[in-house]
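**Student:** Questions regarding the structure given below will be posed in turn.
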2 protein chains.
Amino acid sequence: MKAVIIGAGNVATHIGRALVAKGIQVSQVWSRNAARAETLAHSIGAQVSQQIAQLDADADFCIIAVKDDAIVEILPQLSHFNGLVLHTAGAASLEIFSGLFTKYGVLYPLQTFSVEKELDFSKVPLCIEASSIKELSSLRKLAETLSESVFEINSDQRKVLHLAAVFACNFPNYLFGVAERLIADQQMDFDILRPLILETAEKVQVALPQKVQTGPAIREDEATISSHLRLLKDKPELTHIYQLLSDSIKKTKK
Amino acid sequence: MKAVIIGAGNVATHIGRALVAKGIQVSQVWSRNAARAETLAHSIGAQVSQQIAQLDADADFCIIAVKDDAIVEILPQLSHFNGLVLHTAGAASLEIFSGLFTKYGVLYPLQTFSVEKELDFSKVPLCIEASSIKELSSLRKLAETLSESVFEINSDQRKVLHLAAVFACNFPNYLFGVAERLIADQQMDFDILRPLILETAEKVQVALPQKVQTGPAIREDEATISSHLRLLKDKPELTHIYQLLSDSIKKTKK
């Protein structure tokens, strides 16, 4: 198997490294950002392609890992490609390929990637969808080479999954930051909260979140809620967040 | 060193086990719930005390690990105790002991405990505060026997820490549950989100949350935000949460 990659950001880098680690050749990389293309290509033994139209037409897969709104600009330049064209976006439908290609699919890795942080790609859930049963079978083979965790997910499901990831990752991370700033104001270091954050995530690796909900809202401990709101009295936005989330937690009990 | 414990819930159980694991004898346990007192006492080689007033007056420490509002009911029954009296509550001040005892302090473990889930107590941040420098020194010795992570935290700081823990643990866990229900509605299993949740927590073990914020709000990707809000159109409460948190994330950028 041989692949070419479009993009050189977090997702492209992690997929590129994972492909090479599993013995799948990445022959070429193209990115709008030439320096990043060079860095990624160098690290995975690939060549930099100067133009999308020059990407090796006979690679088995072309993996497009760029920002969602850049995908549609790229597709017309890729009309020469003979292999399976894949995008990696949570929010883009399979149908963006329709009429432009005959063999296409989606390989959506449901994970938060940073170039700086290594992670075990074999544990990354890969959501796959393809234009036909035959292409789905090729894509599944690729996905199962990269990860132990492969899910067949259609475009409607993937959109909901992308939304759910905001609730499961982006919003919690923001709240971690709120907590960090609250304690920094009182000369306390974020280290004191880090084990709590990790344990909260570890608990839901085995249980469902609703089963392990703790805190004043689920206990309906109004005295503690009031004392927390007093501490937030000069912070209207955090007061609003605290009240809204506490009210929602109380409702889940009913 | 010898301790007695009041309470037999999650915190009492984890502290009791940690004490015994570090060679500190727990001679007695009392709990309003006699069956739970029996279970805990049995598991750590302690006796069940029938009454608070019968707890061994000469133990070095009495550790009170009960619900916040139950602490004040317990204190008058403990007037015979000669050792250091400690509570373990985040939201209760040190001053609740004042006038009733001469040697007292707080040993607040900043972690989310479940009786069913083991954890490494040596990594649990312990927040300590005491009635005098002498008692603080005894308490620090106890705390450092139990954990590598001991912080001297006054009552005002501890209240803010307790509030911050709601933002760092209780609210994120609620949002994990929201995500779980969103995907369950589309016949997807929570397993698909678990690695994302764990990685989100692992990222902030080394970085500050603000540095690793991802998602449509921080990118000010209004097209994705709009498409997410369309998916939530029949869920007014989740729409409200989504908008409020997204707006707050956007403001942190400014």
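A note on labels: chains of the structure tokens are A, B, ... as shown, every chain counts residues from 1, and ligands are counted from 1 in their shown order.
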Specify as a PyMOL selection string all residues of chain A found within 7 Å of chain B, counting only C-alpha atoms.

**Tutor:** chain A and resi 110-112+124-125+157+160-161+163-179+182-183+186+192+194-198+200-202+205+209-210+213-215+228+245+249

**Student:** Determine which residues of region 92-225 of chain B receive a DSSP assignment of alpha helix (DSSP H), computed from the backbone, and state them as a ChimeraX atom specification.

**Tutor:** /B:133-146,155-165,171-184,194-203,216-219,222-225

**Student:** Could you state the separation of CA of Ala130 (chain B) and CA of Val26 (chain B) in Å, given to one decimal place?

**Tutor:**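 Distance reported for this atom pair: 21.0 Å.
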
**Student:** Name the closest residue to Leu86 (chain A) among the candidates A:Val20, A:Val106, A:Leu40, A:Ala57; distances are taken between atoms, counting only C-alpha atoms.

**Tutor:**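 That would be A:Val106, the residue with the smallest distance to Leu86 (chain A).
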
**Student:** Quick one: distance from CA of Ile5 (chain B) to CA of Cys62 (chain B) in Å, one decimal?

**Tutor:** 5.8 Å

**Student:** Excluding Thr145 (chain B) and its own-chain neighbours fewer than 3 positions away, which residues fall within 12 Å of it when counting only C-alpha atoms? Please give them as a PyMOL selection string.

**Tutor:** chain B and resi 1+15+18-24+121-124+126+138-142+148-150

**Student:** What's around Ser31 (chain B) at 6 Å? Count only C-alpha atoms, leave out sequence neighbours fewer than 3 positions away in its own chain, and write the answer as a list in words.

**Tutor:**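 Near Ser31 (chain B), the qualifying residues are Ile6, Gly7, Ala8, Ala34 and Ala37 of chain B.
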
**Student:** Please return as a list in words: the residues of region 53-238 of chain B that backbone DSSP assigns to strand (DSSP E).

**Tutor:**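 Secondary structure check on region 53-238 of chain B, strand (DSSP E): Phe61, Cys62, Ile63, Ile64, Leu84, Val85, Leu86, His87, Tyr104, Gly105, Val106, Leu107, Tyr108, Pro109, Leu126, Cys127, Ile128, Glu129, Ala130, Val150, Phe151 and Glu152 of chain B.
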
**Student:** Residues of the last selection are to be written out with C-alpha atoms, as a PDB file, in the first residue's frame.

**Tutor:**
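The resulting file, result_34.pdb, is shown below:
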ATOM      1  CA  PHE B  61      -5.628  11.756  65.126  1.00  0.00           C
ATOM      2  CA  CYS B  62      -9.363  11.704  64.758  1.00  0.00           C
ATOM      3  CA  ILE B  63     -10.224  12.006  61.077  1.00  0.00           C
ATOM      4  CA  ILE B  64     -13.770  13.182  60.409  1.00  0.00           C
ATOM      5  CA  LEU B  84      -5.532  16.248  66.789  1.00  0.00           C
ATOM      6  CA  VAL B  85      -9.081  16.528  65.380  1.00  0.00           C
ATOM      7  CA  LEU B  86      -9.204  16.794  61.592  1.00  0.00           C
ATOM      8  CA  HIS B  87     -11.940  17.305  59.085  1.00  0.00           C
ATOM      9  CA  TYR B 104      -7.348  20.811  65.241  1.00  0.00           C
ATOM     10  CA  GLY B 105      -6.790  20.967  61.555  1.00  0.00           C
ATOM     11  CA  VAL B 106      -7.965  20.139  58.042  1.00  0.00           C
ATOM     12  CA  LEU B 107      -6.785  17.335  55.795  1.00  0.00           C
ATOM     13  CA  TYR B 108      -8.579  17.886  52.493  1.00  0.00           C
ATOM     14  CA  PRO B 109      -7.852  15.335  49.761  1.00  0.00           C
ATOM     15  CA  LEU B 126      -3.592  16.744  50.286  1.00  0.00           C
ATOM     16  CA  CYS B 127      -4.404  20.259  51.462  1.00  0.00           C
ATOM     17  CA  ILE B 128      -3.493  20.894  55.078  1.00  0.00           C
ATOM     18  CA  GLU B 129      -4.220  23.630  57.604  1.00  0.00           C
ATOM     19  CA  ALA B 130      -3.973  23.534  61.413  1.00  0.00           C
ATOM     20  CA  VAL B 150       1.021  18.054  50.200  1.00  0.00           C
ATOM     21  CA  PHE B 151      -0.069  21.710  50.010  1.00  0.00           C
ATOM     22  CA  GLU B 152      -0.498  24.195  52.836  1.00  0.00           C
TER      23      GLU B 152
END

**Student:** Can you work out the spacing between CA of Ile52 (chain A) and CA of Glu73 (chain A) in Å, to one decimal?

**Tutor:**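 Taking CA of Ile52 (chain A) and CA of Glu73 (chain A), their separation equals 11.0 Å.
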